[in-house]
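What follows is a single structure, written as structure tokens, with notes after it.
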Amino acid sequence: MAAFVRVSGPPNGNFLIGYPGISATLPRIEGKVEIRPSVGITAPVNVSLVTVCLQRRESIHPSADSVTKKRLAAPRKEITELVGKEMLLFRCAAGRDYEEVISMDLPFMLFIPYGRGAQESSRKVPAASIQLPSRTAETYYEIVVTVQQGPSEQRKYTFPVPICRYDTLSTFGMYNRPETSEKVTDHLVTLGISLPRWSYGPLDPVSVYVRLSPNLDWISKAKKVTINKLTIGIDEEIVYNHEGDESSRKVKTLVKRTEAVGIKLPEQGYSTNLGLVFPTKDLRDSDGILPRGKMAFPSYAVTGFTTTASLYKIEYYLTVKAHLTSARDIVIRQPIVVCPIDHAGCKEEMEAIEHSARDAAFLNPENPMLPNPTIVRFRDHNALATLGVAVVGKQRKPLID
């Protein structure tokens with residue numbers, strides 16, 4: 001008989017505990033597998049073996065957003081990988097094909113890899129759940145419970161789990177150090193930029209200090225250069241199949257701003273501050289209603305964010321271009337990090353991350369001290385009481401306390 005299988009998280013909490021990408025919080029999935037009869041409330045279920053694991057499913061279809069190419073392009077490419085280790089929750093006694101079970105509650109704890117150490121895939125932090133428009137790229141996770149019922153029958157039950165990454169929060173110190181870059185054109189003009197910080201989320205202000213300096217050894221030629229305008233923009237670059245032979249690259253400009261200058265390059269150089277606001281995706285529909293989200297994907301106010309998966313990677317660049325006459329234009333593409341949470345949201349998460357790290361300090365990953373499983377077998381005394389049923393005379397009736 002088929003079993004009714006459900007996975008429940010901790011009381012008043014989510015399956016996911018800790019913060020993936022931050023090793024001090026020991027990110028993990030915690031819960032219990034519940035097995036009950038599915039047909040006939042008191043009929044026992046035959047169970048030989050129960051395992052649980054976390055699985056990542058990834059797919060790409062670079063041409064899915066193009067009406068013309070969709071039918072001619074290669075089919076969707078998909079991979080499925082095990083994240084961390086599979087956990088054995090129950091095995092029937094040696095010499096028996098199965099146990100006749102009335103109810104089963106099997107606690108489990110699956111640790112999500114959190115070390116960046118070696119190149120082994122088992123130690124890589126898994127990529128965050130994401131679904132790009134038209135499903136051109138997608139990553140999602142599911143808890144997979146395998147129930148073996150006798151020698152031949154095996155069934156798998158899947159439960160989606162959204163996973164976020166927290167190592168790109170704009171409040172971390174490593175993103176708040178200034179980044180500078182320089183480029184020279186025709187040995188005449190040097191374009192230099194400086195970013196005060198380089199991780200941004202939806203609606204975060206992006207500010208950049210720009211300086212154009214003449215080459216003092218060629219000052220007579222450099223003085224003839226005119227600065228027409230300065231352009232600042234943010235580009236999203238998606239590389240599909242980045243580890244394979246036939247990688248394809250798509251670049252899209254998310255936002256762009258132009259500032260007219262129209263002056264000759266002064267001997268002391270020209271400096272200015274350029275700024276724009278990082279674009280956001282409106283989560284509400286035309287009626288102002290927030291639609292129900294998909295179970296496997298968190299709702300973000302950005303279309304994409306910086307991430308590297310097995311089949312694709314998404315990168316972002318801040319592009320500054322100086323449009324000149326009497327010299328070639330200069331372009332600097334500075335890599336930046338895009339976080340799915342805005343700066344205010346990142347600040348709010350910091351305290352919770354510290355709290356989670358303090359809690360994780362008492363946990364031993366080798367022996368996490370799980371509660372004991374609760375298994376009620378068909379032959380146990382008063383087994384039907386666990387299902388709220390009592391035998392009155394020879395009839396089974398609902399148990400009333």
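Naming works like this for the structure tokens: A, B, ... for the chains as they're shown, residue 1 at the start of each chain, ligands 1 onward in shown order.
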| Contacts of segment 325-336 of chain A at 9 Å or less, counting only C-alpha atoms, minus same-chain residues fewer than 5 places along, as JSON, numbers by chain? | {"A": [179, 180, 181, 182, 183, 184, 185, 186, 188, 189, 190, 191, 192, 193, 197, 198, 199, 200, 221, 222, 224, 225, 226, 227, 228, 235, 306, 315, 316, 317, 318, 319, 320]}
Got time to write the residues from that selection, C-alpha atoms, as a PDB file, in the first residue's frame?
```pdb
ATOM      1  CA  GLU A 179      37.860  50.064  -5.766  1.00  0.00           C
ATOM      2  CA  THR A 180      39.843  52.052  -8.332  1.00  0.00           C
ATOM      3  CA  SER A 181      40.627  51.508 -11.997  1.00  0.00           C
ATOM      4  CA  GLU A 182      42.500  53.429 -14.734  1.00  0.00           C
ATOM      5  CA  LYS A 183      42.754  53.304 -18.522  1.00  0.00           C
ATOM      6  CA  VAL A 184      44.767  55.375 -21.047  1.00  0.00           C
ATOM      7  CA  THR A 185      43.891  56.231 -24.660  1.00  0.00           C
ATOM      8  CA  ASP A 186      46.369  57.312 -27.379  1.00  0.00           C
ATOM      9  CA  LEU A 188      47.055  61.417 -24.246  1.00  0.00           C
ATOM     10  CA  VAL A 189      44.269  61.001 -21.683  1.00  0.00           C
ATOM     11  CA  THR A 190      43.892  58.827 -18.588  1.00  0.00           C
ATOM     12  CA  LEU A 191      40.423  57.907 -17.298  1.00  0.00           C
ATOM     13  CA  GLY A 192      40.371  56.944 -13.632  1.00  0.00           C
ATOM     14  CA  ILE A 193      37.341  55.845 -11.582  1.00  0.00           C
ATOM     15  CA  ARG A 197      31.697  50.397  -2.327  1.00  0.00           C
ATOM     16  CA  TRP A 198      31.014  47.648  -4.846  1.00  0.00           C
ATOM     17  CA  SER A 199      28.024  45.552  -3.700  1.00  0.00           C
ATOM     18  CA  TYR A 200      24.552  46.853  -4.542  1.00  0.00           C
ATOM     19  CA  LYS A 221      48.161  67.586 -27.972  1.00  0.00           C
ATOM     20  CA  ALA A 222      46.185  66.712 -24.846  1.00  0.00           C
ATOM     21  CA  LYS A 224      43.138  69.820 -28.002  1.00  0.00           C
ATOM     22  CA  VAL A 225      41.014  66.933 -26.654  1.00  0.00           C
ATOM     23  CA  THR A 226      37.367  67.829 -25.993  1.00  0.00           C
ATOM     24  CA  ILE A 227      35.274  65.929 -23.421  1.00  0.00           C
ATOM     25  CA  ASN A 228      31.873  65.633 -25.114  1.00  0.00           C
ATOM     26  CA  ASP A 235      25.577  45.726 -17.551  1.00  0.00           C
ATOM     27  CA  THR A 306      25.697  37.728  -8.933  1.00  0.00           C
ATOM     28  CA  GLU A 315      28.121  38.803 -13.538  1.00  0.00           C
ATOM     29  CA  TYR A 316      27.636  42.562 -13.354  1.00  0.00           C
ATOM     30  CA  TYR A 317      29.821  45.446 -14.521  1.00  0.00           C
ATOM     31  CA  LEU A 318      29.728  49.168 -13.913  1.00  0.00           C
ATOM     32  CA  THR A 319      30.633  50.751 -17.247  1.00  0.00           C
ATOM     33  CA  VAL A 320      32.035  54.291 -17.444  1.00  0.00           C
TER      34      VAL A 320
END
```
| task | Write out as a VMD selection string which residues come within 9 Å of Pro371 of chain A when counting only C-alpha atoms, dropping same-chain ones fewer than 5 positions away. | result | chain A and resid 106 to 108
Keeping only N, CA and C atoms, write the selected residues to a file as a CSV table (one decimal), in the first residue's frame.
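What follows is the written file part_9.csv:
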```
chain,number,residue,atom,x,y,z
A,106,LEU,N,10.5,10.7,11.6
A,106,LEU,CA,11.9,10.4,11.5
A,106,LEU,C,12.6,11.8,11.4
A,107,PRO,N,13.2,12.3,12.5
A,107,PRO,CA,13.9,13.6,12.5
A,107,PRO,C,15.2,13.5,11.6
A,108,PHE,N,15.6,14.6,10.9
A,108,PHE,CA,16.8,14.6,10.1
A,108,PHE,C,17.4,16.0,10.2
```
| said: Which of segment 4-250 of chain A end up as helix (DSSP H, G or I) when DSSP is run on this backbone - answer as a PyMOL selection string? | reply: chain A and resi 23-25+121-123+133-135+173-175+216-222
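Using only C-alpha atoms for every distance, the candidate list A:Leu216, A:Cys53, A:Leu195, A:Val101 yields A:Cys53 as the residue closest to Leu89 of chain A.
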| task | Rounded to one decimal place, report the atom CA of Met104 of chain A-atom CA of Glu366 of chain A distance in Å. | result | 24.3 Å
Give one line per residue of segment 119-208 of chain A that approaches segment 44-47 of chain A to at most 12 Å, naming the two atoms of the closest pair and their distance in Å to one decimal, counting only C-alpha atoms; sort by chain then ascending residue number and deliver it as a tab-separated table.
```
residue	atom	partner	partner_atom	distance
A:Thr146	CA	A:Val47	CA	10.7
A:Val147	CA	A:Val47	CA	7.0
A:Gln148	CA	A:Val47	CA	6.1
A:Gln149	CA	A:Val47	CA	4.6
A:Gly150	CA	A:Val47	CA	6.6
A:Pro151	CA	A:Val47	CA	9.9
A:Ser152	CA	A:Val47	CA	11.5
A:Glu153	CA	A:Val47	CA	9.9
A:Gln154	CA	A:Val47	CA	9.8
A:Arg155	CA	A:Val47	CA	10.9
```
Write out the residues from the selection above, keeping N, CA and C atoms, as a JSON list (two decimals), in the first residue's frame.
```
[["chain", "number", "residue", "atom", "x", "y", "z"],
["A", 146, "THR", "N", 13.15, 9.04, -0.11],
["A", 146, "THR", "CA", 13.00, 7.75, -0.81],
["A", 146, "THR", "C", 12.46, 6.75, 0.19],
["A", 147, "VAL", "N", 11.32, 6.13, -0.15],
["A", 147, "VAL", "CA", 10.70, 5.12, 0.72],
["A", 147, "VAL", "C", 10.68, 3.80, -0.03],
["A", 148, "GLN", "N", 11.38, 2.81, 0.49],
["A", 148, "GLN", "CA", 11.38, 1.45, -0.08],
["A", 148, "GLN", "C", 10.30, 0.67, 0.65],
["A", 149, "GLN", "N", 9.33, 0.12, -0.10],
["A", 149, "GLN", "CA", 8.23, -0.64, 0.50],
["A", 149, "GLN", "C", 8.29, -2.08, 0.01],
["A", 150, "GLY", "N", 9.09, -2.90, 0.68],
["A", 150, "GLY", "CA", 9.25, -4.28, 0.23],
["A", 150, "GLY", "C", 10.37, -4.39, -0.78],
["A", 151, "PRO", "N", 10.62, -5.58, -1.29],
["A", 151, "PRO", "CA", 11.80, -5.81, -2.15],
["A", 151, "PRO", "C", 11.75, -5.07, -3.47],
["A", 152, "SER", "N", 10.55, -4.81, -4.02],
["A", 152, "SER", "CA", 10.50, -4.28, -5.39],
["A", 152, "SER", "C", 10.00, -2.84, -5.49],
["A", 153, "GLU", "N", 9.16, -2.41, -4.56],
["A", 153, "GLU", "CA", 8.51, -1.10, -4.73],
["A", 153, "GLU", "C", 9.31, 0.01, -4.03],
["A", 154, "GLN", "N", 9.70, 1.02, -4.82],
["A", 154, "GLN", "CA", 10.42, 2.18, -4.27],
["A", 154, "GLN", "C", 9.78, 3.45, -4.82],
["A", 155, "ARG", "N", 9.52, 4.40, -3.91],
["A", 155, "ARG", "CA", 8.91, 5.65, -4.35],
["A", 155, "ARG", "C", 9.72, 6.83, -3.83]]
```
Rows by chain and residue number, segment 113-210 of chain A within 7 Å of segment 274-298 of chain A, shortest pair, only C-alpha atoms, as JSON lines:
```
{"residue": "A:Ser129", "atom": "CA", "partner": "A:Phe297", "partner_atom": "CA", "distance": 5.8}
{"residue": "A:Ile130", "atom": "CA", "partner": "A:Phe297", "partner_atom": "CA", "distance": 6.1}
{"residue": "A:Tyr140", "atom": "CA", "partner": "A:Ala296", "partner_atom": "CA", "distance": 6.1}
{"residue": "A:Tyr141", "atom": "CA", "partner": "A:Ala296", "partner_atom": "CA", "distance": 6.9}
{"residue": "A:Pro160", "atom": "CA", "partner": "A:Ala296", "partner_atom": "CA", "distance": 5.0}
{"residue": "A:Val161", "atom": "CA", "partner": "A:Ala296", "partner_atom": "CA", "distance": 5.5}
{"residue": "A:Pro162", "atom": "CA", "partner": "A:Ala296", "partner_atom": "CA", "distance": 4.8}
{"residue": "A:Gly201", "atom": "CA", "partner": "A:Phe278", "partner_atom": "CA", "distance": 6.8}
{"residue": "A:Pro202", "atom": "CA", "partner": "A:Thr280", "partner_atom": "CA", "distance": 4.9}
{"residue": "A:Leu203", "atom": "CA", "partner": "A:Phe278", "partner_atom": "CA", "distance": 4.9}
{"residue": "A:Asp204", "atom": "CA", "partner": "A:Phe278", "partner_atom": "CA", "distance": 5.4}
{"residue": "A:Pro205", "atom": "CA", "partner": "A:Val277", "partner_atom": "CA", "distance": 4.5}
{"residue": "A:Val206", "atom": "CA", "partner": "A:Leu276", "partner_atom": "CA", "distance": 5.3}
{"residue": "A:Ser207", "atom": "CA", "partner": "A:Gly275", "partner_atom": "CA", "distance": 4.3}
{"residue": "A:Val208", "atom": "CA", "partner": "A:Leu274", "partner_atom": "CA", "distance": 5.3}
{"residue": "A:Tyr209", "atom": "CA", "partner": "A:Leu274", "partner_atom": "CA", "distance": 6.4}
```
| Please, what distance in Å, to one decimal, runs between atom CA of Val239 of chain A and atom CA of Arg57 of chain A? | 18.0 Å
| said: Can you tell me, as an MDAnalysis selection string, which residues in segment 45-201 of chain A count as strand (DSSP E or B) by DSSP? | reply: chainID A and resid 45:47 49:60 77:91 99:111 130:131 137:149 153:161 179:185 189:195 199:200
| task | List the neighbours of Pro365 of chain A out to 10 Å using only C-alpha atoms; skip same-chain residues closer than 3 positions along the sequence, and give me the result as a list in words. | result | Leu26, Arg28, Met109, Leu110, Phe111, Ala360, Phe362, Pro368 and Met369 of chain A
So that I can check the surroundings of Ile17 of chain A, please list as a short mmCIF file (atom, residue, chain, number, x, y, z; two decimals) with C-alpha atoms, in the first residue's frame every protein, DNA and RNA residue that reaches within 9 Å of it, counting only C-alpha atoms and ignoring chain neighbours fewer than 4 positions away.
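Everything below was put into result23.cif:
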```
data_model
loop_
_atom_site.label_atom_id
_atom_site.label_comp_id
_atom_site.auth_asym_id
_atom_site.auth_seq_id
_atom_site.Cartn_x
_atom_site.Cartn_y
_atom_site.Cartn_z
CA GLY A 13 10.22 27.87 11.59
CA THR A 25 26.17 29.68 10.95
CA LEU A 26 26.47 25.98 9.88
CA PRO A 27 23.68 26.23 7.25
CA ARG A 28 21.48 23.15 7.41
CA ILE A 29 18.03 21.78 6.62
CA GLU A 30 16.20 20.51 9.67
CA SER A 356 22.62 32.27 14.19
#
```
| task | Just give me the gap between atom CA of Thr307 of chain A and atom CA of Ile60 of chain A in Å, one decimal is fine. | result |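 Pair atom CA of Thr307 of chain A / atom CA of Ile60 of chain A returns 14.1 Å.
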Spatial neighbours of Glu349 of chain A, 12 Å, only C-alpha atoms, chain gap at least 3 places, as a compact mmCIF listing (two decimals) with C-alpha atoms, in the first residue's frame:
```
# COMPACT_ATOMS: atom_id res chain seq x y z
CA GLY A 18 21.57 29.22 9.25
CA TYR A 19 22.80 31.33 6.35
CA TYR A 166 24.25 35.62 2.13
CA ASP A 167 27.93 36.10 1.25
CA THR A 168 27.19 39.06 -1.07
CA LEU A 169 25.49 41.32 1.51
CA SER A 170 26.51 44.93 0.87
CA THR A 171 27.09 45.49 4.62
CA PHE A 172 30.15 43.20 4.72
CA ILE A 341 18.62 42.44 -0.87
CA ASP A 342 18.90 46.22 -0.60
CA HIS A 343 21.35 47.93 1.81
CA ALA A 344 18.72 48.50 4.52
CA GLY A 345 17.67 44.84 4.34
CA CYS A 346 21.32 43.74 4.56
CA ALA A 352 20.24 37.70 12.81
CA ILE A 353 23.43 36.27 11.25
CA GLU A 354 25.38 36.95 14.47
CA HIS A 355 22.61 35.31 16.51
CA SER A 356 22.62 32.27 14.19
```
